[in-house]
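Okay, protein_25.cif is below, mmCIF, C-alpha atoms:
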```cif
data_entry
loop_
_atom_site.label_atom_id
_atom_site.label_comp_id
_atom_site.auth_asym_id
_atom_site.auth_seq_id
_atom_site.Cartn_x
_atom_site.Cartn_y
_atom_site.Cartn_z
CA MET E 1 -12.25 -3.93 21.51
CA LYS E 2 -8.79 -5.37 22.15
CA VAL E 3 -6.75 -7.90 20.22
CA ASP E 4 -3.24 -9.12 20.88
CA LEU E 5 -0.87 -7.37 18.49
CA ASN E 6 2.20 -7.69 20.70
CA GLY E 7 5.30 -8.28 18.60
CA LYS E 8 3.67 -6.78 15.49
CA VAL E 9 4.92 -3.76 13.58
CA ALA E 10 2.23 -1.62 11.98
CA VAL E 11 2.62 1.11 9.36
CA VAL E 12 -0.19 3.63 8.91
CA THR E 13 -0.03 5.95 5.91
CA GLY E 14 -1.95 9.18 6.28
CA GLY E 15 -1.53 8.51 9.99
CA GLY E 16 -1.61 12.18 10.93
CA GLY E 17 -5.26 12.54 9.88
CA ILE E 18 -8.30 12.36 12.13
CA LEU E 19 -9.46 8.86 11.20
CA CYS E 20 -6.11 7.17 10.69
CA SER E 21 -4.63 8.63 13.87
CA VAL E 22 -7.38 6.94 15.88
CA MET E 23 -6.68 3.67 14.09
CA ALA E 24 -2.98 4.03 14.87
CA GLU E 25 -3.71 4.63 18.55
CA ALA E 26 -5.95 1.54 18.64
CA LEU E 27 -3.17 -0.58 17.14
CA ALA E 28 -0.70 0.73 19.70
CA SER E 29 -3.08 0.10 22.59
CA SER E 30 -3.31 -3.51 21.37
CA GLY E 31 0.46 -3.91 21.61
CA ALA E 32 1.69 -3.09 18.12
CA LYS E 33 4.70 -0.89 17.49
CA VAL E 34 3.39 1.76 15.10
CA ALA E 35 5.03 3.88 12.43
CA ILE E 36 2.98 6.98 11.62
CA LEU E 37 3.61 8.09 8.03
CA ASP E 38 2.25 11.37 6.76
CA LEU E 39 3.16 13.97 4.16
CA ARG E 40 3.06 16.50 7.01
CA ALA E 41 5.73 15.49 9.49
CA GLU E 42 4.31 17.67 12.26
CA ASN E 43 0.94 15.89 12.11
CA ALA E 44 2.59 12.47 12.30
CA ALA E 45 4.72 13.64 15.23
CA LYS E 46 1.68 14.71 17.25
CA VAL E 47 0.11 11.26 16.90
CA ALA E 48 3.33 9.46 17.80
CA GLU E 49 3.73 11.69 20.86
CA ARG E 50 0.24 10.79 22.07
CA ILE E 51 0.92 7.09 21.63
CA ASN E 52 4.26 7.22 23.41
CA ALA E 53 2.82 9.33 26.23
CA ALA E 54 0.13 6.67 26.75
CA GLY E 55 2.77 3.95 27.11
CA GLY E 56 2.82 2.68 23.54
CA THR E 57 5.59 2.60 20.98
CA ALA E 58 5.44 4.82 17.92
CA ILE E 59 7.67 6.72 15.53
CA ALA E 60 6.71 9.50 13.13
CA LEU E 61 8.03 9.72 9.57
CA ALA E 62 7.45 12.16 6.74
CA ALA E 63 6.62 10.19 3.60
CA ASN E 64 5.00 10.80 0.24
CA VAL E 65 2.87 7.85 -0.86
CA LEU E 66 3.37 8.84 -4.51
CA ASP E 67 7.17 8.83 -4.27
CA VAL E 68 8.74 5.37 -4.27
CA GLU E 69 12.10 6.63 -3.00
CA SER E 70 10.41 8.42 -0.10
CA LEU E 71 8.58 5.21 0.77
CA LYS E 72 11.75 3.13 0.53
CA GLN E 73 13.53 5.49 2.90
CA ALA E 74 10.60 5.23 5.33
CA GLU E 75 10.61 1.43 5.08
CA ALA E 76 14.32 1.28 5.84
CA GLU E 77 13.85 3.48 8.90
CA VAL E 78 10.86 1.47 10.13
CA SER E 79 12.80 -1.77 9.73
CA ALA E 80 15.82 -0.35 11.57
CA LYS E 81 13.87 1.14 14.48
CA LEU E 82 10.87 -1.18 14.87
CA GLY E 83 11.38 -4.22 12.67
CA ALA E 84 9.81 -5.50 9.45
CA CYS E 85 6.21 -4.43 8.76
CA ASP E 86 3.49 -6.95 9.71
CA ILE E 87 0.46 -4.68 9.30
CA LEU E 88 -0.09 -2.01 6.65
CA ILE E 89 -2.98 0.44 6.87
CA ASN E 90 -3.22 2.32 3.56
CA GLY E 91 -4.91 5.40 4.93
CA ALA E 92 -3.57 8.14 2.67
CA GLY E 93 -6.10 9.50 0.19
CA GLY E 94 -8.40 12.38 -0.56
CA ASN E 95 -10.18 14.50 -3.13
CA ASN E 96 -9.33 17.61 -5.12
CA PRO E 97 -11.60 20.52 -6.14
CA LYS E 98 -10.41 20.19 -9.73
CA GLY E 99 -12.10 16.78 -9.90
CA THR E 100 -15.40 18.11 -8.52
CA THR E 101 -18.43 19.65 -10.25
CA SER E 102 -20.18 22.67 -8.76
CA ARG E 103 -23.67 21.26 -9.10
CA GLU E 104 -25.27 17.86 -8.67
CA TYR E 105 -26.97 17.96 -12.08
CA LEU E 106 -26.02 19.32 -15.47
CA THR E 107 -28.55 21.78 -16.89
CA ARG E 108 -28.87 23.39 -20.29
CA GLU E 109 -28.68 26.75 -18.58
CA ASP E 110 -25.15 25.98 -17.38
CA LEU E 111 -24.22 24.92 -20.89
CA GLU E 112 -25.67 28.00 -22.59
CA ASN E 113 -25.19 30.73 -19.97
CA LYS E 114 -22.86 29.42 -17.28
CA ALA E 115 -22.39 31.65 -14.25
CA PRO E 116 -18.84 32.63 -13.31
CA GLY E 117 -17.10 30.12 -11.05
CA ILE E 118 -19.32 27.18 -12.00
CA THR E 119 -17.54 23.95 -12.94
CA THR E 120 -19.57 21.56 -15.06
CA PHE E 121 -18.63 18.02 -16.02
CA PHE E 122 -17.17 19.41 -19.25
CA ASP E 123 -14.88 21.74 -17.29
CA LEU E 124 -13.27 19.09 -15.11
CA ASP E 125 -9.50 19.37 -15.17
CA PRO E 126 -7.87 16.12 -16.36
CA ALA E 127 -4.85 16.90 -14.20
CA GLY E 128 -7.08 17.28 -11.14
CA VAL E 129 -8.89 14.04 -11.89
CA GLY E 130 -5.56 12.31 -12.41
CA PHE E 131 -4.27 13.65 -9.10
CA VAL E 132 -7.25 12.14 -7.25
CA PHE E 133 -6.79 8.76 -8.91
CA ASN E 134 -3.06 8.79 -8.24
CA LEU E 135 -3.41 9.83 -4.61
CA ASN E 136 -5.96 7.14 -3.82
CA PHE E 137 -5.00 4.26 -6.10
CA LEU E 138 -1.26 4.67 -6.61
CA GLY E 139 -1.08 5.97 -3.03
CA THR E 140 -2.29 2.52 -2.00
CA LEU E 141 -0.43 0.42 -4.56
CA LEU E 142 3.04 1.93 -4.01
CA PRO E 143 3.14 1.58 -0.19
CA THR E 144 1.89 -1.99 -0.61
CA GLN E 145 4.76 -2.75 -2.98
CA VAL E 146 7.32 -1.26 -0.60
CA PHE E 147 6.08 -2.51 2.77
CA CYS E 148 4.70 -5.93 1.80
CA ARG E 149 7.83 -7.32 0.18
CA LYS E 150 9.23 -8.48 3.53
CA MET E 151 5.79 -9.74 4.57
CA ALA E 152 5.72 -11.94 1.46
CA GLU E 153 9.28 -13.15 2.06
CA GLY E 154 8.72 -13.80 5.76
CA ARG E 155 5.79 -14.66 8.00
CA GLY E 156 3.00 -12.94 6.06
CA GLY E 157 0.84 -10.20 7.44
CA ASN E 158 -2.22 -8.03 6.97
CA VAL E 159 -3.19 -5.12 4.74
CA ILE E 160 -6.18 -2.88 5.35
CA ASN E 161 -7.17 -0.50 2.55
CA ILE E 162 -9.57 2.42 2.92
CA SER E 163 -12.45 2.36 0.46
CA SER E 164 -15.61 4.47 0.80
CA MET E 165 -19.37 4.55 0.45
CA ASN E 166 -18.65 6.17 -2.92
CA ALA E 167 -17.32 2.83 -4.13
CA PHE E 168 -20.78 1.25 -3.77
CA THR E 169 -22.91 4.14 -5.03
CA PRO E 170 -21.18 7.25 -6.36
CA LEU E 171 -22.05 10.53 -4.70
CA THR E 172 -22.98 13.52 -6.80
CA LYS E 173 -20.36 16.15 -7.67
CA ILE E 174 -17.25 14.00 -6.95
CA PRO E 175 -16.75 11.65 -9.92
CA ALA E 176 -12.97 11.41 -9.54
CA TYR E 177 -13.07 10.47 -5.86
CA SER E 178 -15.93 8.01 -6.36
CA GLY E 179 -14.13 6.30 -9.23
CA ALA E 180 -10.85 6.20 -7.34
CA LYS E 181 -12.44 4.56 -4.30
CA ALA E 182 -14.20 2.02 -6.53
CA ALA E 183 -10.73 1.19 -7.81
CA ILE E 184 -9.56 0.64 -4.23
CA SER E 185 -12.34 -1.88 -3.61
CA ASN E 186 -11.47 -3.73 -6.80
CA PHE E 187 -7.75 -3.64 -6.01
CA THR E 188 -8.43 -5.02 -2.52
CA GLN E 189 -10.11 -8.07 -4.03
CA TRP E 190 -7.40 -8.51 -6.65
CA LEU E 191 -4.59 -8.19 -4.11
CA ALA E 192 -6.27 -10.61 -1.69
CA VAL E 193 -6.20 -13.28 -4.38
CA HIS E 194 -2.69 -12.42 -5.54
CA PHE E 195 -1.20 -12.51 -2.03
CA SER E 196 -3.16 -15.53 -0.81
CA LYS E 197 -0.29 -18.02 -1.26
CA VAL E 198 2.26 -15.99 0.74
CA GLY E 199 0.23 -15.59 3.94
CA ILE E 200 -0.96 -12.00 3.48
CA ARG E 201 -4.62 -11.19 3.99
CA VAL E 202 -5.97 -8.04 2.31
CA ASN E 203 -9.26 -6.42 3.29
CA ALA E 204 -10.76 -2.95 3.27
CA ILE E 205 -13.12 -0.84 5.30
CA ALA E 206 -15.59 1.51 3.62
CA PRO E 207 -16.40 4.38 5.99
CA GLY E 208 -19.66 6.21 5.64
CA PHE E 209 -19.75 9.82 6.72
CA PHE E 210 -17.38 11.08 9.38
CA LEU E 211 -16.52 14.70 10.08
CA THR E 212 -12.89 15.22 9.07
CA ASP E 213 -10.72 18.18 8.16
CA GLN E 214 -11.42 17.38 4.51
CA ASN E 215 -15.22 17.44 4.58
CA ARG E 216 -16.22 19.42 7.67
CA THR E 217 -16.87 22.64 5.74
CA LEU E 218 -18.91 20.71 3.16
CA LEU E 219 -21.19 19.12 5.75
CA THR E 220 -21.48 21.73 8.51
CA ASN E 221 -21.72 25.51 8.72
CA PRO E 222 -19.43 27.61 10.95
CA ASP E 223 -22.13 27.59 13.67
CA GLY E 224 -22.23 23.78 13.64
CA SER E 225 -25.53 23.46 11.80
CA LEU E 226 -25.79 21.18 8.79
CA THR E 227 -25.29 22.35 5.24
CA ALA E 228 -27.81 21.20 2.65
CA ARG E 229 -25.45 18.36 1.66
CA GLY E 230 -24.89 17.39 5.28
CA ASN E 231 -28.63 17.30 5.88
CA THR E 232 -29.16 15.10 2.81
CA ILE E 233 -26.51 12.67 4.04
CA LEU E 234 -28.02 12.34 7.51
CA THR E 235 -31.49 11.97 6.01
CA HIS E 236 -30.16 8.98 4.08
CA THR E 237 -28.29 7.50 7.05
CA PRO E 238 -30.82 5.40 8.99
CA MET E 239 -28.93 5.85 12.27
CA GLY E 240 -29.29 9.61 11.79
CA LYS E 241 -25.76 10.67 12.75
CA PHE E 242 -22.21 10.98 11.51
CA GLY E 243 -19.73 8.31 12.52
CA ARG E 244 -17.09 8.86 15.20
CA PRO E 245 -13.48 7.95 14.39
CA GLU E 246 -13.66 5.35 17.17
CA ASP E 247 -16.42 3.57 15.22
CA LEU E 248 -13.77 2.34 12.78
CA THR E 249 -11.41 0.73 15.25
CA GLY E 250 -13.43 -2.37 16.12
CA ALA E 251 -13.69 -3.36 12.47
CA VAL E 252 -9.99 -2.74 11.85
CA LEU E 253 -8.89 -4.72 14.90
CA PHE E 254 -11.27 -7.56 14.04
CA LEU E 255 -9.93 -7.83 10.49
CA LEU E 256 -6.37 -7.85 11.80
CA ASP E 257 -7.02 -10.61 14.34
CA ASP E 258 -5.85 -13.85 12.76
CA GLU E 259 -7.79 -15.87 15.33
CA ALA E 260 -11.12 -14.12 14.75
CA ALA E 261 -10.78 -13.23 11.06
CA GLY E 262 -8.14 -15.59 9.73
CA PHE E 263 -10.44 -16.87 6.96
CA ILE E 264 -11.67 -13.41 5.92
CA ASN E 265 -9.88 -12.19 2.83
CA GLY E 266 -10.84 -9.74 0.07
CA VAL E 267 -13.85 -8.15 1.78
CA VAL E 268 -14.87 -4.49 1.78
CA LEU E 269 -16.66 -3.83 5.07
CA PRO E 270 -19.10 -0.88 5.21
CA ILE E 271 -19.08 1.17 8.41
CA ASP E 272 -21.82 3.59 7.55
CA GLY E 273 -24.79 3.63 9.93
CA GLY E 274 -26.91 1.83 7.33
CA PHE E 275 -26.32 4.32 4.48
CA ALA E 276 -25.56 1.63 1.88
CA ALA E 277 -28.63 -0.39 2.90
CA PHE E 278 -31.11 2.51 2.60
CA SER E 279 -32.91 3.09 -0.69
CA GLY E 280 -34.10 6.56 0.32
CA VAL E 281 -37.71 5.41 0.70
#
```
Kindly return the structure encoded in the file as structure tokens.
Amino acid sequence: MKVDLNGKVAVVTGGGGILCSVMAEALASSGAKVAILDLRAENAAKVAERINAAGGTAIALAANVLDVESLKQAEAEVSAKLGACDILINGAGGNNPKGTTSREYLTREDLENKAPGITTFFDLDPAGVGFVFNLNFLGTLLPTQVFCRKMAEGRGGNVINISSMNAFTPLTKIPAYSGAKAAISNFTQWLAVHFSKVGIRVNAIAPGFFLTDQNRTLLTNPDGSLTARGNTILTHTPMGKFGRPEDLTGAVLFLLDDEAAGFINGVVLPIDGGFAAFSGV
């Protein structure tokens, strides 16, 4: 799918990751000048190099989405090299083991005679849970504050947030991540209303299950076979497969197209192979 993004400047946080790098390349192939922001400068640089080698325009910047000064420095560099931001993809996010339980269900056995290395709900580290909420929620709010100021003062623009299937129905074992992504969905709706008078549309996509660096070892074994959790996920995905990063780009480009989606604001669009629609029976 192609849309005309010529003359637009796009900023993609977390742009060095598997999913967001593909989104960034799709924006560039549609004519946008793209700034790849990532905590790991080398990952951002690889994506920018691919875009530039393909004839697009991209720059790579190291930035911490939880550090306002880091974001302000990145915004100043983007404005100087590419122009004011028109499109913001809030792609940075993730989970942390300290916000994750070892088992799907709490048992009395784990309360009375817990095996070494088992983390129950009662053992969750508040700092780990806080990190997950900060990374996902504040890591969306702060870039929006920094990069959308000029949008609001000028010709408007578009924001795409990254929610998750967890926001609709929480997955077992990951309460912090599920809660944080539910906050992203709620914030998307709130921000869409708040920005509606200054010409900024705000929507989100909610990916289902894609193999990324973050979850690959949770869903597949070293030989490529499915883990028990991976098998459960595919059993509950009617299309019977994991998504490909390219499966996200059509939805992103559609939501950014002011001709096709100019009256769409505040939606959270599932891209999940039917996972959210399936009751399990």
Which protein, DNA or RNA residues are at most 9 Å from (-15.9, 22.2, -6.4) in the file's coordinates when you count all atoms listed in the file, listed as a PDB file with C-alpha atoms, keeping the file's coordinate frame?
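Contents of selection-v2.pdb, freshly written:
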```pdb
ATOM      1  CA  ASN E  96      -9.330  17.610  -5.120  1.00  0.00           C
ATOM      2  CA  PRO E  97     -11.600  20.520  -6.140  1.00  0.00           C
ATOM      3  CA  LYS E  98     -10.410  20.190  -9.730  1.00  0.00           C
ATOM      4  CA  GLY E  99     -12.100  16.780  -9.900  1.00  0.00           C
ATOM      5  CA  THR E 100     -15.400  18.110  -8.520  1.00  0.00           C
ATOM      6  CA  THR E 101     -18.430  19.650 -10.250  1.00  0.00           C
ATOM      7  CA  SER E 102     -20.180  22.670  -8.760  1.00  0.00           C
ATOM      8  CA  ARG E 103     -23.670  21.260  -9.100  1.00  0.00           C
ATOM      9  CA  ILE E 118     -19.320  27.180 -12.000  1.00  0.00           C
ATOM     10  CA  THR E 119     -17.540  23.950 -12.940  1.00  0.00           C
ATOM     11  CA  LYS E 173     -20.360  16.150  -7.670  1.00  0.00           C
ATOM     12  CA  ILE E 174     -17.250  14.000  -6.950  1.00  0.00           C
TER      13      ILE E 174
END
```
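Selection check: the PyMOL selection byres ((chain E and resi 246) around 12) on the shown file gives Met1, Ile18, Leu19, Cys20, Ser21, Val22, Met23, Ala24, Glu25, Ala26, Pro207, Phe210, Phe242, Gly243, Arg244, Pro245, Asp247, Leu248, Thr249, Gly250, Ala251, Val252, Leu253 and Ile271 of chain E.
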Next, the residues of the selection above should be written as a CSV table (one decimal), in the frame of the given file with C-alpha atoms.
```
chain,number,residue,atom,x,y,z
E,1,MET,CA,-12.2,-3.9,21.5
E,18,ILE,CA,-8.3,12.4,12.1
E,19,LEU,CA,-9.5,8.9,11.2
E,20,CYS,CA,-6.1,7.2,10.7
E,21,SER,CA,-4.6,8.6,13.9
E,22,VAL,CA,-7.4,6.9,15.9
E,23,MET,CA,-6.7,3.7,14.1
E,24,ALA,CA,-3.0,4.0,14.9
E,25,GLU,CA,-3.7,4.6,18.6
E,26,ALA,CA,-6.0,1.5,18.6
E,207,PRO,CA,-16.4,4.4,6.0
E,210,PHE,CA,-17.4,11.1,9.4
E,242,PHE,CA,-22.2,11.0,11.5
E,243,GLY,CA,-19.7,8.3,12.5
E,244,ARG,CA,-17.1,8.9,15.2
E,245,PRO,CA,-13.5,8.0,14.4
E,247,ASP,CA,-16.4,3.6,15.2
E,248,LEU,CA,-13.8,2.3,12.8
E,249,THR,CA,-11.4,0.7,15.2
E,250,GLY,CA,-13.4,-2.4,16.1
E,251,ALA,CA,-13.7,-3.4,12.5
E,252,VAL,CA,-10.0,-2.7,11.8
E,253,LEU,CA,-8.9,-4.7,14.9
E,271,ILE,CA,-19.1,1.2,8.4
```
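The nearest approach to Val11 in chain E among the residues E:Gln73, E:Gly93, E:Pro143, E:Phe121, with all atoms listed in the file taken into account, belongs to E:Pro143.
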Resolved residues for the PyMOL selection byres ((chain E and resi 254-256) around 9) as a ChimeraX atom specification: /E:1-3,5,87,157-160,201,203-204,249-253,257-262,264-265
Shell around His236 in chain E at 7 Å using all atoms listed in the file, local window under 4 positions removed, as a ChimeraX atom specification: /E:232,275,278,280
Edge lengths and centre in Å, axis-aligned, range 257-264 of chain E plus 8 Å each side, as JSON:
```
{"center_x": -8.8, "center_y": -13.7, "center_z": 10.6, "size_x": 21.8, "size_y": 22.3, "size_z": 25.4}
```
6 Å contact set for Ala35 in chain E, all atoms listed in the file, chain neighbours under 6 positions out, as a PyMOL selection string: chain E and resi 11+58-60
Which of E:Gly91, E:Gly15, E:Gly117, E:Gly156 sits closest to Asn136 in chain E [using all atoms listed in the file]: E:Gly91
